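Novice: One structure coming up, written as structure tokens, with questions to follow.
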Amino acid sequence: MNTTTKDYAEMKPIWIADDDQSIRFVLEKALQREQLPTRSFTNPKDVLAALDEENEAPQVLVSDIRMPGGSGLELLEKVKARYPGLPVIIMTAFSDLDSAVSAFQGGAFEYLPKPFDLTKALELIRRAVEESQREEVALETLTETPEMLGQAPAMQDVFRAIGRLSQSNVTVLITGESGSGKELVARALHKHSPRAQGPFVAINTAAIPKDLLESELFGHERGAFTGAQTMRRGRFEQAEGGTLFLDEIGDMPFDLQTRLLRVLSDGHFYRVGGHSAVKAHVRVIAATHQDLEQRVKEGVFREDLFHRLNVIRLRLPALRERKEDVPMLTRHFLQQSARQLGVEPKRISDAALEKLSRFSFPGNVRQLENVCHWLTVMAPAQVIEPKDLPPEVIQGVEGAGPVALSTASALAVTAALVAPEVASVGERATGELMPTGATPATVPLAAGDWESSLQQEALTMLQSGRVDVWDELSRRFERKLILTALDTTRGRRIEAAHKLGIGRNTITRKIQELGLEES
């Protein structure tokens with residue numbers, strides 16, 4: 001066995017919990033021959049007492065499922081609550097499906113039926129040791145980089161730029177492909193700026209219809225238009241004293257560009273239907289995936305606004321330009337998606353990471369995040385192997401060229417994120433995952449008009465040359481789910497969140513991100 005991070009002599013012991021003395025003896029002797037340190041227990045109570053006394057987890061825990069004074073599954077639950085990354089192997093002489101399912105649902109590394117082949121048992125423990133050591137290194141790395149992740153030189157340049165701008169209120173234009181993390185950079189600029197105590201307000205100017213965008217940005221007075229029953233503060237007022245992040249600024253309608261230019265020039269604006277100027281004490285950060293110079297040449301973006309925004313420009317690298325960051329980001333997103341879905345975090349093997357790193361990720365960091373959500377829901381075991389990766393990743397790596405997540409995979413992932421308990425329903429509703437070599441036009445869909453409409457809309461947008469199809473359709477999907485839930489609960493957010501199967505904080509954040517909140 002080749003250890004990944006440290007020698008056996010430096011390892012913590014492998015704990016064995018079993019009331020059967022012969023099992024303990026056989027495993028102890030076999031592991032000692034491998035120069036692996038061990039410690040044995042006869043019941044769960046002694047294991048928990050040792051954890052309390054030493055305040056440190058073992059390298060691996062191997063536990064029987066039935067012991068005097070408690071079950072191995074109860075021990076698994078308590079140990080995992082303290083040490084989520086600890087690999088636990090569950091042994092049992094009762095080789096029934098319920099025990100196996102319970103063990104995996106509780107986050108077991110593997111399930112070992114008795115009587116077991118000693119060679120296979122040792123190989124399983126070796127794999128658990130390797131995984132434990134990998135997770136220790138990954139955890140150390142993640143705790144060192146909690147805000148933004150990236151060790152690649154291109155990302156270090158971005159971090160240095162954020163540092164240089166930390167005490168400035170200058171306007172910044174962030175450029176980069178869709179999904180590369182432009183909003184994260186904007187949030188970091190705000191967090192490290194003199195305005196950090198003020199609000200950070202984000203708006204995607206491409207996601208809001210033209211006739212509503214003006215009111216969203218600048219607010220409106222009562223009676224300004226049909227349905228305007230009260231005065232409403234716009235995003236500029238909401239961001240007072242803080243930062244306003246204008247995402248996808250390249251898609252802003254031309255006439256609104258004029259109004260934005262005036263605000264940036266003199267710091268004043270008027271609410272829709274208003275006659276009194278409002279002073280804006282706001283720092284503006286804009287972002288786009290488009291070539292604004294080309295948009296200016298085409299006459300669809302104002303040149304004077306471009307120069308007003310382009311005071312400092314930060315270019316965010318695509319993920320394919322920073323592939324050394326893929327392992328770190330993958331482990332981070334697997335932990336993150338497990339927290340969102342309320343499940344045990346899955347681990348990923350070196351072989352799967354190597355294959356994932358060779359994928360070109362046309363959707364950048366956002367696509368990697370979605371892949372990790374997919375793996376959290378769909379991968380069959382706690383350790384992700386190359387065969388468990390999504391079909392589109394395997395297809396892209398094995399010579400078919402880069403492809404985006406299929407419609408079916410995308411919907412399954414979105415369903416899992418919005419409502420964890422309907423993940424399996426989302427999978428069934430879209431039929432089987434896209435087979436290798438298939439295109440959205442040839443994937444069979446289950447009965448139902450909405451799936452066909454989704455497919456047709458995706459095809460229309462893809463054929464039009466748009467490059468924000470994922471963002472747009474995901475936003476519409478989430479928006480419709482939340483609005484429908486709020487409608488059924490008459491606007492009660494907590495009840496709507498409960499019906500959707502998401503947390504209160506999640507629905508509040510989504511309402512803000514999707515522009516559904518009214519002041």
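Ligands are numbered from 1 in the order shown, residues from 1 within each chain, and chains are lettered A, B, ... in the order they appear in the structure tokens.
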A:Glu237: which residues within 12 Å, counting only C-alpha atoms, same-chain residues fewer than 4 positions away excluded, as a ChimeraX atom specification?
Specialist: /A:198-201,215-220,232-233,241-244,263,267-271,277-283,519
Novice: Where does DSSP see helix (DSSP H, G or I) in stretch 208-419 of chain A, if you list the residues as a VMD selection string?
Specialist: chain A and resid 210 to 218 235 to 238 249 to 251 254 to 266 292 to 297 303 to 309 319 to 321 323 to 341 350 to 357 364 to 378 386 to 388 391 to 400 407 to 418
Novice: Considering only C-alpha atoms, give me a table of residues in stretch 106-216 of chain A that are at most 12 Å from stretch 453-473 of chain A, with the closest atom pair and distance in Å for each, as JSON lines.
Specialist:
```
{"residue": "A:Glu177", "atom": "CA", "partner": "A:Val467", "partner_atom": "CA", "distance": 9.1}
{"residue": "A:Ser178", "atom": "CA", "partner": "A:Asp468", "partner_atom": "CA", "distance": 6.9}
{"residue": "A:Gly179", "atom": "CA", "partner": "A:Asp471", "partner_atom": "CA", "distance": 8.6}
{"residue": "A:Asn204", "atom": "CA", "partner": "A:Glu472", "partner_atom": "CA", "distance": 10.4}
{"residue": "A:Thr205", "atom": "CA", "partner": "A:Glu472", "partner_atom": "CA", "distance": 11.7}
{"residue": "A:Ala206", "atom": "CA", "partner": "A:Glu472", "partner_atom": "CA", "distance": 8.8}
{"residue": "A:Ala207", "atom": "CA", "partner": "A:Glu472", "partner_atom": "CA", "distance": 7.0}
{"residue": "A:Ile208", "atom": "CA", "partner": "A:Glu472", "partner_atom": "CA", "distance": 10.4}
```
Novice: Could you pull out all residues of stretch 18-86 of chain A with a DSSP call of strand (DSSP E or B) and give them as a list in words?
Specialist: Thr38, Arg39, Ser40, Phe41, Val60, Leu61, Val62, Ser63, Asp64, Arg66, Met67, Gly70 and Ser71 of chain A
Novice: Save the residues we just selected, N, CA and C atoms, as a JSON list (two decimals), in the first residue's frame?
Specialist:
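Printed below is out01.json as written:
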```
[["chain", "number", "residue", "atom", "x", "y", "z"],
["A", 38, "THR", "N", -3.31, -0.69, 16.19],
["A", 38, "THR", "CA", -4.71, -1.00, 16.47],
["A", 38, "THR", "C", -5.06, -0.74, 17.93],
["A", 39, "ARG", "N", -6.36, -0.68, 18.19],
["A", 39, "ARG", "CA", -6.89, -0.61, 19.55],
["A", 39, "ARG", "C", -8.27, -1.24, 19.51],
["A", 40, "SER", "N", -8.57, -2.11, 20.47],
["A", 40, "SER", "CA", -9.81, -2.88, 20.40],
["A", 40, "SER", "C", -10.75, -2.55, 21.55],
["A", 41, "PHE", "N", -12.06, -2.71, 21.26],
["A", 41, "PHE", "CA", -13.13, -2.45, 22.23],
["A", 41, "PHE", "C", -14.18, -3.55, 22.10],
["A", 60, "VAL", "N", -9.23, 5.00, 11.44],
["A", 60, "VAL", "CA", -10.40, 4.29, 10.89],
["A", 60, "VAL", "C", -11.09, 3.58, 12.04],
["A", 61, "LEU", "N", -12.41, 3.47, 11.98],
["A", 61, "LEU", "CA", -13.16, 2.69, 12.96],
["A", 61, "LEU", "C", -13.81, 1.51, 12.24],
["A", 62, "VAL", "N", -13.53, 0.28, 12.75],
["A", 62, "VAL", "CA", -14.16, -0.93, 12.24],
["A", 62, "VAL", "C", -15.08, -1.44, 13.34],
["A", 63, "SER", "N", -16.39, -1.47, 13.08],
["A", 63, "SER", "CA", -17.34, -1.78, 14.15],
["A", 63, "SER", "C", -18.34, -2.86, 13.74],
["A", 64, "ASP", "N", -18.60, -3.76, 14.69],
["A", 64, "ASP", "CA", -19.66, -4.74, 14.50],
["A", 64, "ASP", "C", -21.01, -4.03, 14.58],
["A", 66, "ARG", "N", -23.89, -5.48, 15.82],
["A", 66, "ARG", "CA", -24.67, -5.91, 17.00],
["A", 66, "ARG", "C", -23.70, -6.25, 18.13],
["A", 67, "MET", "N", -23.79, -5.46, 19.21],
["A", 67, "MET", "CA", -22.92, -5.67, 20.38],
["A", 67, "MET", "C", -23.73, -5.43, 21.65],
["A", 70, "GLY", "N", -25.53, -1.69, 22.91],
["A", 70, "GLY", "CA", -25.76, -0.73, 21.83],
["A", 70, "GLY", "C", -25.41, -1.31, 20.47],
["A", 71, "SER", "N", -25.93, -0.69, 19.41],
["A", 71, "SER", "CA", -25.69, -1.19, 18.06],
["A", 71, "SER", "C", -24.58, -0.40, 17.37]]
```
Novice: Identify which of the residues A:Thr42, A:Thr175, A:Ser193, A:Ser265 lies closest to A:Leu314, counting only C-alpha atoms when measuring atom-to-atom distances.
Specialist: A:Thr175
Novice: Measure the distance from atom CA of A:Gly342 to atom CA of A:Val371 in Å and round it to one decimal.
Specialist: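 Interatomic distance here is 17.4 Å.
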Novice: Find the residues around A:Pro115 up to 9 Å (only C-alpha atoms counted), leave out those fewer than 3 positions away in its own chain, and share them as a VMD selection string.
Specialist: chain A and resid 92 to 93 112
Novice: Can you tell me which residues surround A:Val172 at a distance of at most 7 Å, considering only C-alpha atoms, apart from same-chain residues fewer than 4 positions away, and format the answer as number ranges by chain?
Specialist: A: 285-286, 309-313
Novice: Print the selection's residues with C-alpha atoms to a file, as a PDB file, in the first residue's frame.
Specialist:
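That gives us again-v5.pdb:
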```
ATOM      1  CA  ILE A 285     -19.155  46.822  -9.288  1.00  0.00           C
ATOM      2  CA  ALA A 286     -20.168  45.496 -12.698  1.00  0.00           C
ATOM      3  CA  LEU A 309     -17.332  51.340 -15.661  1.00  0.00           C
ATOM      4  CA  ASN A 310     -13.910  50.307 -16.942  1.00  0.00           C
ATOM      5  CA  VAL A 311     -11.892  52.172 -14.293  1.00  0.00           C
ATOM      6  CA  ILE A 312     -10.305  48.997 -12.928  1.00  0.00           C
ATOM      7  CA  ARG A 313     -10.771  45.730 -14.787  1.00  0.00           C
TER       8      ARG A 313
END
```
Novice: By how many Å are atom CA of A:Ile125 and atom CA of A:Ile14 apart?
Specialist: 8.8 Å
